file query_27.json (JSON, C-alpha atoms)
[["chain", "number", "residue", "atom", "x", "y", "z"],
["O", 12, "MET", "CA", 31.42, 105.09, 26.33],
["O", 13, "ASP", "CA", 28.74, 106.73, 24.20],
["O", 14, "ASP", "CA", 29.68, 104.43, 21.33],
["O", 15, "ASP", "CA", 29.08, 101.37, 23.52],
["O", 16, "LYS", "CA", 25.63, 102.66, 24.49],
["O", 17, "GLU", "CA", 24.76, 103.23, 20.85],
["O", 18, "LYS", "CA", 25.81, 99.68, 19.95],
["O", 19, "ILE", "CA", 23.64, 98.25, 22.74],
["O", 20, "ALA", "CA", 20.69, 100.36, 21.61],
["O", 21, "GLU", "CA", 21.11, 99.26, 18.00],
["O", 22, "SER", "CA", 21.28, 95.61, 18.92],
["O", 23, "GLY", "CA", 17.92, 95.85, 20.69],
["O", 24, "PRO", "CA", 16.82, 94.09, 23.90],
["O", 25, "SER", "CA", 18.29, 90.67, 24.65],
["O", 26, "HIS", "CA", 16.08, 87.54, 24.83],
["O", 27, "ASP", "CA", 16.42, 84.51, 27.04],
["O", 28, "TRP", "CA", 15.34, 81.47, 25.02],
["O", 29, "ALA", "CA", 14.82, 79.58, 28.25],
["O", 30, "GLU", "CA", 11.91, 81.89, 29.03],
["O", 31, "LEU", "CA", 9.82, 80.88, 26.02],
["O", 32, "THR", "CA", 6.38, 79.57, 26.89],
["O", 33, "GLN", "CA", 5.80, 75.82, 26.78],
["O", 34, "LEU", "CA", 3.51, 76.20, 23.77],
["O", 35, "CYS", "CA", 6.12, 78.16, 21.81],
["O", 36, "LEU", "CA", 8.84, 75.69, 22.72],
["O", 37, "ILE", "CA", 6.79, 72.73, 21.55],
["O", 38, "ASN", "CA", 6.01, 74.53, 18.30],
["O", 39, "ILE", "CA", 9.71, 75.15, 17.68],
["O", 40, "LEU", "CA", 10.83, 71.67, 18.70],
["O", 41, "SER", "CA", 8.21, 70.03, 16.51],
["O", 42, "ARG", "CA", 10.10, 71.40, 13.50],
["O", 43, "LEU", "CA", 13.22, 69.47, 14.48],
["O", 44, "SER", "CA", 13.89, 65.86, 13.67],
["O", 45, "LEU", "CA", 13.86, 63.25, 16.41],
["O", 46, "GLU", "CA", 17.64, 62.99, 16.11],
["O", 47, "ASP", "CA", 18.11, 66.75, 16.49],
["O", 48, "ARG", "CA", 15.94, 66.82, 19.60],
["O", 49, "TRP", "CA", 17.76, 63.91, 21.22],
["O", 50, "ARG", "CA", 21.26, 65.03, 20.34],
["O", 51, "GLY", "CA", 20.95, 68.74, 21.02],
["O", 52, "ALA", "CA", 17.71, 70.46, 21.91],
["O", 53, "MET", "CA", 16.85, 68.56, 25.06],
["O", 54, "PHE", "CA", 20.25, 69.38, 26.56],
["O", 55, "VAL", "CA", 20.00, 73.17, 26.14],
["O", 56, "CYS", "CA", 18.32, 73.75, 29.50],
["O", 57, "LYS", "CA", 15.76, 72.23, 31.85],
["O", 58, "PRO", "CA", 12.68, 73.92, 30.25],
["O", 59, "TRP", "CA", 13.75, 72.59, 26.84],
["O", 60, "PHE", "CA", 14.24, 69.12, 28.26],
["O", 61, "GLN", "CA", 10.76, 69.20, 29.79],
["O", 62, "ALA", "CA", 9.29, 70.40, 26.50],
["O", 63, "CYS", "CA", 10.93, 67.51, 24.63],
["O", 64, "LYS", "CA", 8.99, 65.15, 26.89],
["O", 65, "ASP", "CA", 5.62, 66.52, 25.75],
["O", 66, "PRO", "CA", 3.33, 63.76, 24.37],
["O", 67, "ASN", "CA", 2.74, 65.77, 21.18],
["O", 68, "LEU", "CA", 6.42, 65.35, 20.32],
["O", 69, "ASN", "CA", 6.53, 61.64, 21.07],
["O", 70, "SER", "CA", 3.72, 60.10, 19.05],
["O", 71, "VAL", "CA", 6.29, 58.94, 16.46],
["O", 72, "ASN", "CA", 9.63, 57.24, 17.16],
["O", 73, "ASP", "CA", 11.25, 56.78, 13.76],
["O", 74, "ILE", "CA", 15.03, 56.42, 13.53],
["O", 75, "GLU", "CA", 15.05, 54.08, 10.53],
["O", 76, "THR", "CA", 16.39, 56.81, 8.24],
["O", 77, "GLN", "CA", 19.41, 57.21, 10.52],
["O", 78, "PHE", "CA", 20.21, 53.50, 10.18],
["O", 79, "GLU", "CA", 19.72, 53.58, 6.42],
["O", 80, "SER", "CA", 22.08, 56.51, 5.97],
["O", 81, "ALA", "CA", 24.72, 55.28, 8.44],
["O", 82, "THR", "CA", 27.51, 52.84, 7.68],
["O", 83, "GLU", "CA", 26.75, 49.35, 8.99],
["O", 84, "SER", "CA", 28.81, 48.51, 12.07],
["O", 85, "SER", "CA", 29.38, 45.47, 14.25],
["O", 86, "LEU", "CA", 28.84, 47.80, 17.24],
["O", 87, "TYR", "CA", 25.12, 47.76, 16.46],
["O", 88, "TRP", "CA", 25.03, 44.11, 17.51],
["O", 89, "THR", "CA", 26.56, 44.64, 20.95],
["O", 90, "PRO", "CA", 24.68, 44.56, 24.30],
["O", 91, "GLU", "CA", 25.71, 48.17, 24.94],
["O", 92, "PHE", "CA", 24.05, 49.45, 21.79],
["O", 93, "GLU", "CA", 20.94, 47.37, 22.46],
["O", 94, "ARG", "CA", 20.64, 48.99, 25.89],
["O", 95, "LYS", "CA", 20.82, 52.43, 24.31],
["O", 96, "MET", "CA", 18.03, 51.57, 21.88],
["O", 97, "ASP", "CA", 15.94, 50.12, 24.68],
["O", 98, "ASN", "CA", 16.42, 53.17, 26.89],
["O", 99, "MET", "CA", 15.49, 55.51, 24.08],
["O", 100, "LEU", "CA", 12.37, 53.57, 23.12],
["O", 101, "ARG", "CA", 11.23, 53.20, 26.73],
["O", 102, "SER", "CA", 11.59, 56.96, 27.25],
["O", 103, "VAL", "CA", 9.51, 57.75, 24.18],
["O", 104, "VAL", "CA", 6.81, 55.28, 25.24],
["O", 105, "LEU", "CA", 6.54, 56.85, 28.70],
["O", 106, "TRP", "CA", 6.59, 60.41, 27.38],
["O", 107, "SER", "CA", 3.99, 59.67, 24.69],
["O", 108, "ASP", "CA", 1.36, 58.99, 27.36],
["O", 109, "GLY", "CA", -0.45, 56.48, 25.15],
["O", 110, "SER", "CA", -0.29, 58.56, 21.95],
["O", 111, "LEU", "CA", 2.50, 56.56, 20.27],
["O", 112, "THR", "CA", 1.42, 55.48, 16.76],
["O", 113, "THR", "CA", 4.71, 54.71, 14.98],
["O", 114, "VAL", "CA", 7.85, 52.86, 16.06],
["O", 115, "ARG", "CA", 10.69, 52.29, 13.60],
["O", 116, "VAL", "CA", 13.85, 51.17, 15.39],
["O", 117, "ARG", "CA", 16.50, 48.45, 15.18],
["O", 118, "HIS", "CA", 18.42, 46.42, 17.74],
["O", 119, "CYS", "CA", 15.94, 46.75, 20.59],
["O", 120, "SER", "CA", 14.88, 43.88, 22.85],
["O", 121, "ASP", "CA", 11.94, 42.50, 24.82],
["O", 122, "ARG", "CA", 12.81, 44.96, 27.58],
["O", 123, "SER", "CA", 11.53, 47.97, 25.64],
["O", 124, "LEU", "CA", 9.03, 46.27, 23.36],
["O", 125, "ALA", "CA", 7.08, 44.86, 26.29],
["O", 126, "LEU", "CA", 6.51, 48.43, 27.45],
["O", 127, "VAL", "CA", 5.31, 49.37, 23.97],
["O", 128, "ALA", "CA", 2.73, 46.58, 24.16],
["O", 129, "GLU", "CA", 1.63, 47.73, 27.61],
["O", 130, "ARG", "CA", 1.46, 51.50, 27.04],
["O", 131, "SER", "CA", 0.76, 52.01, 23.30],
["O", 132, "PRO", "CA", -2.77, 50.87, 22.44],
["O", 133, "ASN", "CA", -2.89, 53.20, 19.41],
["O", 134, "LEU", "CA", 0.23, 51.81, 17.73],
["O", 135, "GLN", "CA", -0.23, 51.46, 13.97],
["O", 136, "VAL", "CA", 3.30, 50.99, 12.60],
["O", 137, "LEU", "CA", 5.93, 48.71, 14.14],
["O", 138, "SER", "CA", 9.30, 48.15, 12.47],
["O", 139, "ILE", "CA", 11.84, 46.22, 14.56],
["O", 140, "LYS", "CA", 14.44, 44.96, 12.12],
["O", 141, "SER", "CA", 17.60, 43.19, 13.32],
["O", 142, "CYS", "CA", 16.39, 42.67, 16.87],
["O", 143, "GLN", "CA", 18.27, 39.70, 18.33],
["O", 144, "HIS", "CA", 16.36, 39.52, 21.58],
["O", 145, "VAL", "CA", 12.75, 40.13, 20.65],
["O", 146, "THR", "CA", 10.85, 36.90, 21.26],
["O", 147, "ASP", "CA", 7.45, 35.33, 20.66],
["O", 148, "GLU", "CA", 6.52, 36.07, 24.26],
["O", 149, "THR", "CA", 6.71, 39.81, 23.74],
["O", 150, "MET", "CA", 5.20, 39.69, 20.26],
["O", 151, "SER", "CA", 2.17, 37.97, 21.78],
["O", 152, "LYS", "CA", 1.82, 41.01, 24.06],
["O", 153, "ILE", "CA", 1.99, 43.25, 21.00],
["O", 154, "ALA", "CA", -0.79, 41.21, 19.39],
["O", 155, "TYR", "CA", -3.08, 41.69, 22.38],
["O", 156, "GLY", "CA", -2.05, 45.23, 23.31],
["O", 157, "CYS", "CA", -1.84, 46.90, 19.88],
["O", 158, "PRO", "CA", -4.98, 45.88, 17.95],
["O", 159, "TRP", "CA", -4.77, 48.80, 15.48],
["O", 160, "LEU", "CA", -1.48, 47.65, 13.99],
["O", 161, "ARG", "CA", -1.52, 48.03, 10.20],
["O", 162, "GLU", "CA", 2.18, 47.73, 9.28],
["O", 163, "LEU", "CA", 4.75, 45.28, 10.69],
["O", 164, "ASP", "CA", 8.41, 44.75, 9.82],
["O", 165, "ILE", "CA", 10.20, 41.91, 11.64],
["O", 166, "SER", "CA", 13.02, 41.39, 9.14],
["O", 167, "LEU", "CA", 16.19, 39.76, 10.51],
["O", 168, "SER", "CA", 14.56, 39.24, 13.91],
["O", 169, "TYR", "CA", 15.12, 35.52, 14.21],
["O", 170, "GLN", "CA", 13.55, 34.73, 17.59],
["O", 171, "ILE", "CA", 10.15, 35.66, 16.20],
["O", 172, "SER", "CA", 8.40, 32.61, 14.76],
["O", 173, "HIS", "CA", 5.22, 31.63, 12.92],
["O", 174, "LYS", "CA", 3.43, 31.60, 16.29],
["O", 175, "SER", "CA", 3.76, 35.38, 16.51],
["O", 176, "LEU", "CA", 2.57, 35.81, 12.94],
["O", 177, "ALA", "CA", -0.55, 33.79, 13.73],
["O", 178, "LEU", "CA", -1.31, 35.85, 16.85],
["O", 179, "ILE", "CA", -0.68, 39.17, 15.13],
["O", 180, "GLY", "CA", -2.87, 38.19, 12.20],
["O", 181, "HIS", "CA", -5.65, 36.96, 14.47],
["O", 182, "HIS", "CA", -5.77, 39.98, 16.79],
["O", 183, "CYS", "CA", -4.68, 42.81, 14.47],
["O", 184, "ALA", "CA", -7.43, 42.80, 11.85],
["O", 185, "ASN", "CA", -6.20, 46.04, 10.25],
["O", 186, "LEU", "CA", -2.79, 44.66, 9.25],
["O", 187, "ARG", "CA", -2.07, 45.58, 5.64],
["O", 188, "ILE", "CA", 1.72, 45.45, 5.30],
["O", 189, "LEU", "CA", 4.11, 42.70, 6.44],
["O", 190, "ARG", "CA", 7.85, 42.60, 5.88],
["O", 191, "ARG", "CA", 9.57, 39.38, 6.90],
["O", 192, "ASN", "CA", 12.92, 39.48, 5.10],
["O", 193, "PHE", "CA", 16.05, 37.43, 5.73],
["O", 194, "THR", "CA", 19.70, 37.55, 4.74],
["O", 195, "ASN", "CA", 21.03, 36.10, 1.51],
["O", 196, "ARG", "CA", 22.10, 32.56, 2.33],
["O", 197, "LEU", "CA", 24.09, 32.27, -0.92],
["O", 198, "ASP", "CA", 26.29, 35.24, -0.11],
["O", 199, "ARG", "CA", 26.87, 35.74, 3.60],
["O", 200, "SER", "CA", 30.33, 37.24, 3.27],
["O", 201, "ARG", "CA", 29.14, 40.83, 3.55],
["O", 202, "GLN", "CA", 26.76, 40.20, 6.45],
["O", 203, "GLN", "CA", 29.38, 38.25, 8.39],
["O", 204, "ARG", "CA", 31.50, 41.38, 8.56],
["O", 205, "PHE", "CA", 28.95, 42.90, 10.90],
["O", 206, "ILE", "CA", 26.39, 40.32, 12.03],
["O", 207, "PRO", "CA", 27.54, 37.68, 14.55],
["O", 208, "GLY", "CA", 28.02, 34.32, 12.85],
["O", 209, "GLU", "CA", 26.04, 32.43, 15.47],
["O", 210, "TYR", "CA", 23.09, 34.74, 14.82],
["O", 211, "LEU", "CA", 23.20, 34.10, 11.08],
["O", 212, "ASP", "CA", 23.28, 30.37, 11.81],
["O", 213, "ALA", "CA", 20.10, 30.74, 13.87],
["O", 214, "CYS", "CA", 18.10, 31.88, 10.84],
["O", 215, "PRO", "CA", 14.66, 30.19, 10.95],
["O", 216, "GLN", "CA", 14.12, 27.33, 8.52],
["O", 217, "ASP", "CA", 10.33, 27.17, 8.65],
["O", 218, "GLY", "CA", 9.24, 29.33, 5.74],
["O", 219, "ASP", "CA", 6.21, 27.18, 5.00],
["O", 220, "SER", "CA", 4.99, 27.38, 8.61],
["O", 221, "GLU", "CA", 5.22, 31.15, 8.47],
["O", 222, "ALA", "CA", 3.51, 31.17, 5.07],
["O", 223, "ALA", "CA", 0.68, 29.05, 6.49],
["O", 224, "ALA", "CA", 0.16, 31.55, 9.34],
["O", 225, "ILE", "CA", 0.17, 34.44, 6.89],
["O", 226, "GLY", "CA", -2.28, 32.76, 4.53],
["O", 227, "LYS", "CA", -4.65, 31.79, 7.32],
["O", 228, "PHE", "CA", -4.67, 34.87, 9.55],
["O", 229, "MET", "CA", -3.50, 37.88, 7.49],
["O", 230, "LEU", "CA", -6.27, 37.93, 4.91],
["O", 231, "LYS", "CA", -6.29, 41.71, 4.37],
["O", 232, "LEU", "CA", -2.62, 42.10, 3.44],
["O", 233, "VAL", "CA", -1.93, 44.30, 0.43],
["O", 234, "GLN", "CA", 1.87, 44.26, 0.65],
["O", 235, "LEU", "CA", 4.06, 41.30, 1.57],
["O", 236, "GLU", "CA", 7.86, 41.02, 1.53],
["O", 237, "LEU", "CA", 9.53, 37.62, 2.05],
["O", 238, "ARG", "CA", 13.02, 38.19, 0.67],
["O", 239, "PHE", "CA", 15.28, 35.14, 0.97],
["O", 240, "SER", "CA", 12.63, 33.10, 2.75],
["O", 241, "ASP", "CA", 12.96, 29.31, 2.41],
["O", 242, "LEU", "CA", 9.25, 28.84, 1.72],
["O", 243, "THR", "CA", 8.36, 26.29, -0.97],
["O", 244, "ASN", "CA", 5.57, 25.92, -3.48],
["O", 245, "GLN", "CA", 3.30, 24.68, -0.68],
["O", 246, "GLY", "CA", 3.76, 27.82, 1.39],
["O", 247, "LEU", "CA", 3.39, 30.14, -1.60],
["O", 248, "ALA", "CA", 0.15, 28.39, -2.57],
["O", 249, "LEU", "CA", -1.27, 28.93, 0.93],
["O", 250, "ILE", "CA", -0.45, 32.63, 0.76],
["O", 251, "SER", "CA", -2.07, 33.02, -2.67],
["O", 252, "GLU", "CA", -5.22, 31.23, -1.48],
["O", 253, "GLY", "CA", -5.61, 33.29, 1.69],
["O", 254, "CYS", "CA", -4.21, 36.74, 0.85],
["O", 255, "ILE", "CA", -6.23, 37.40, -2.29],
["O", 256, "ASN", "CA", -6.04, 41.19, -1.83],
["O", 257, "LEU", "CA", -2.27, 41.34, -2.29],
["O", 258, "GLU", "CA", -1.10, 44.16, -4.54],
["O", 259, "HIS", "CA", 2.65, 43.94, -3.94],
["O", 260, "LEU", "CA", 4.59, 40.71, -3.43],
["O", 261, "ASP", "CA", 8.39, 40.50, -3.04],
["O", 262, "LEU", "CA", 9.93, 37.01, -3.39],
["O", 263, "THR", "CA", 13.49, 38.13, -4.05],
["O", 264, "GLY", "CA", 15.93, 35.32, -3.27],
["O", 265, "CYS", "CA", 13.25, 32.69, -2.54],
["O", 266, "THR", "CA", 15.13, 29.90, -4.29],
["O", 267, "ASN", "CA", 12.76, 27.09, -3.29],
["O", 268, "VAL", "CA", 10.01, 28.30, -5.61],
["O", 269, "THR", "CA", 10.12, 28.14, -9.40],
["O", 270, "SER", "CA", 8.63, 30.24, -12.15],
["O", 271, "ARG", "CA", 5.82, 27.74, -12.50],
["O", 272, "ASP", "CA", 5.07, 27.94, -8.76],
["O", 273, "ILE", "CA", 4.91, 31.73, -8.96],
["O", 274, "SER", "CA", 2.75, 31.68, -12.07],
["O", 275, "ASN", "CA", 0.26, 29.30, -10.44],
["O", 276, "ALA", "CA", 0.13, 31.36, -7.26],
["O", 277, "SER", "CA", -0.23, 34.72, -8.98],
["O", 278, "SER", "CA", -3.24, 33.46, -10.93],
["O", 279, "ASN", "CA", -5.20, 33.72, -7.66],
["O", 280, "LEU", "CA", -3.98, 37.25, -6.96],
["O", 281, "LYS", "CA", -6.24, 39.33, -9.17],
["O", 282, "GLN", "CA", -5.22, 42.61, -7.47],
["O", 283, "LEU", "CA", -1.47, 42.05, -7.89],
["O", 284, "LYS", "CA", 0.32, 45.10, -9.29],
["O", 285, "THR", "CA", 3.99, 44.38, -8.61],
["O", 286, "LEU", "CA", 5.76, 41.04, -8.27],
["O", 287, "LYS", "CA", 9.48, 40.66, -7.56],
["O", 288, "LYS", "CA", 10.68, 37.20, -8.52],
["O", 289, "PRO", "CA", 13.57, 35.26, -6.94],
["O", 290, "GLN", "CA", 16.06, 35.91, -9.77],
["O", 291, "PHE", "CA", 18.27, 33.16, -8.29],
["O", 292, "TYR", "CA", 21.04, 35.56, -7.42],
["O", 293, "ILE", "CA", 24.51, 34.02, -7.34],
["O", 294, "PRO", "CA", 27.51, 35.85, -5.83],
["O", 295, "THR", "CA", 29.79, 37.34, -8.47],
["O", 296, "PHE", "CA", 32.82, 35.42, -7.25],
["O", 297, "GLU", "CA", 31.01, 32.13, -7.86],
["O", 298, "SER", "CA", 29.05, 33.05, -11.00],
["O", 299, "GLU", "CA", 31.04, 30.72, -13.26],
["O", 300, "ARG", "CA", 30.58, 27.77, -10.95],
["O", 301, "TYR", "CA", 26.85, 28.24, -10.39],
["O", 302, "GLY", "CA", 25.75, 30.13, -13.51],
["O", 303, "HIS", "CA", 23.79, 27.11, -14.73],
["O", 304, "TRP", "CA", 21.29, 27.45, -11.82],
["O", 305, "GLN", "CA", 19.27, 29.96, -13.84],
["O", 306, "LEU", "CA", 18.75, 27.34, -16.55],
["O", 307, "TYR", "CA", 17.25, 24.93, -14.03],
["O", 308, "ASP", "CA", 14.42, 27.31, -13.26],
["O", 309, "GLU", "CA", 13.30, 27.48, -16.86],
["O", 310, "ARG", "CA", 14.02, 23.95, -18.09],
["O", 311, "PHE", "CA", 13.35, 21.54, -15.22],
["O", 312, "GLN", "CA", 9.77, 22.07, -14.09],
["O", 313, "THR", "CA", 8.68, 18.51, -13.49],
["O", 314, "GLY", "CA", 8.14, 17.15, -10.01],
["O", 315, "ASP", "CA", 11.39, 15.18, -10.15],
["O", 316, "PHE", "CA", 13.54, 18.17, -10.98],
["O", 317, "ARG", "CA", 11.96, 21.03, -9.05],
["O", 318, "ILE", "CA", 14.39, 23.32, -7.20]]
call {"tool": "encode", "arguments": {"input": "query_27.json", "output": "structure tokens"}}
result
Amino acid sequence: MDDDKEKIAESGPSHDWAELTQLCLINILSRLSLEDRWRGAMFVCKPWFQACKDPNLNSVNDIETQFESATESSLYWTPEFERKMDNMLRSVVLWSDGSLTTVRVRHCSDRSLALVAERSPNLQVLSIKSCQHVTDETMSKIAYGCPWLRELDISLSYQISHKSLALIGHHCANLRILRRNFTNRLDRSRQQRFIPGEYLDACPQDGDSEAAAIGKFMLKLVQLELRFSDLTNQGLALISEGCINLEHLDLTGCTNVTSRDISNASSNLKQLKTLKKPQFYIPTFESERYGHWQLYDERFQTGDFRI
């Protein structure tokens, strides 16, 4: 009996973590990642759940690193997963109480993004890659509701058109970074394992219209990514004439522009530091059949033979 008392005395007084003050809880939770808070901390007890809803913990909603580190799955493209992403984003928007500055998610829809536009006037970074059901209608709300936007990534979101780019550029004067990347049309075998075929078939074919909107309305861009866009020399010329402050330009996979096109365009871009050229990538399994494409880029530069 005496031994038990000694052990209790040595171990010291017990503490109930649920009794921590709100300020202490927020300080502790702020050291956890968003994933750790959502998967564990908020389910410990009611005080911890309430603390996780504090606006100071919800100014940033960034789960892009989780997608980058995870194995791609066809489940990401299902309605069930989209609902989960929407519910999560809507919760963060409501809890942020207007303080939300960064959103990096995938597979959300108009349902959650419309709330972002309505409740997040201080938004500066918006990355919504692979969003099947984000449309021009909601992007127009983003343009009007989030004027401080400085970084936008709408890669693989095919219901967003040049109309949205024009509105964003016109109303978001601080925009500096735009990523509008597509899938590789020459090698769709890998994407088709996960991405619905009908969605791949819906890939926009108006690269020059998008380029025109970028060149006309996004004059302060310093970084632009257009991987596997179908823009032509005309679209590239419009970008080089309007976006003269570009420092980084990625044209990987843009097979409708040639080396001469790129050289002519880059002559206008005096601030350009990095330029990624198309490279005319051909799938390995068809390299023998199409290996001569690379020669076309260097040898046939006249108007009759442009590719």
call {"tool": "atom_distance", "arguments": {"input": "query_27.json", "atom1": "atom CA of Asp47 of chain O", "atom2": "atom CA of Ser138 of chain O"}}
result
21.0 Å
call {"tool": "closest_residue", "arguments": {"input": "query_27.json", "among": "O:Ile188, O:Leu86, O:Ala62, O:Val71", "to": "Thr32 of chain O", "atoms": "all atoms listed in the file"}}
result
O:Ala62
call {"tool": "closest_atom_pairs", "arguments": {"input": "query_27.json", "of": "segment 157-256 of chain O", "to": "segment 267-288 of chain O", "cutoff": "12 Å", "atoms": "all atoms listed in the file", "output": "tab-separated table"}}
result
residue	atom	partner	partner_atom	distance
O:Gln216	CA	O:Asn267	CA	11.9
O:Gly218	CA	O:Asn267	CA	9.9
O:Asp219	CA	O:Asn267	CA	10.6
O:Lys231	CA	O:Gln282	CA	11.9
O:Leu232	CA	O:Gln282	CA	11.2
O:Val233	CA	O:Leu283	CA	8.6
O:Gln234	CA	O:Leu283	CA	9.4
O:Leu235	CA	O:Leu286	CA	10.0
O:Glu236	CA	O:Lys287	CA	9.2
O:Leu237	CA	O:Lys287	CA	10.1
O:Arg238	CA	O:Lys287	CA	9.3
O:Phe239	CA	O:Asn267	CA	9.4
O:Ser240	CA	O:Asn267	CA	8.5
O:Asp241	CA	O:Asn267	CA	6.1
O:Leu242	CA	O:Asn267	CA	6.4
O:Thr243	CA	O:Asn267	CA	5.0
O:Asn244	CA	O:Val268	CA	5.5
O:Gln245	CA	O:Asp272	CA	8.9
O:Gly246	CA	O:Val268	CA	9.4
O:Leu247	CA	O:Ala276	CA	6.6
O:Ala248	CA	O:Ala276	CA	5.6
O:Leu249	CA	O:Ala276	CA	8.7
O:Ile250	CA	O:Ala276	CA	8.1
O:Ser251	CA	O:Ala276	CA	5.4
O:Glu252	CA	O:Asn279	CA	6.7
O:Gly253	CA	O:Asn279	CA	9.4
O:Cys254	CA	O:Leu280	CA	7.8
O:Ile255	CA	O:Leu280	CA	5.2
O:Asn256	CA	O:Gln282	CA	5.9
call {"tool": "closest_residue", "arguments": {"input": "query_27.json", "among": "O:Ile171, O:Cys63, O:Leu36, O:Leu160", "to": "Asp217 of chain O", "atoms": "all atoms listed in the file"}}
result
O:Ile171
call {"tool": "atom_distance", "arguments": {"input": "query_27.json", "atom1": "atom CA of Arg122 of chain O", "atom2": "atom CA of Leu186 of chain O"}}
result
24.1 Å
call {"tool": "atom_distance", "arguments": {"input": "query_27.json", "atom1": "atom CA of Asn38 of chain O", "atom2": "atom CA of Trp106 of chain O"}}
result
16.8 Å
call {"tool": "closest_residue", "arguments": {"input": "query_27.json", "among": "O:Val104, O:Leu111, O:Ala222, O:Ile139", "to": "Leu126 of chain O", "atoms": "only C-alpha atoms"}}
result
O:Val104
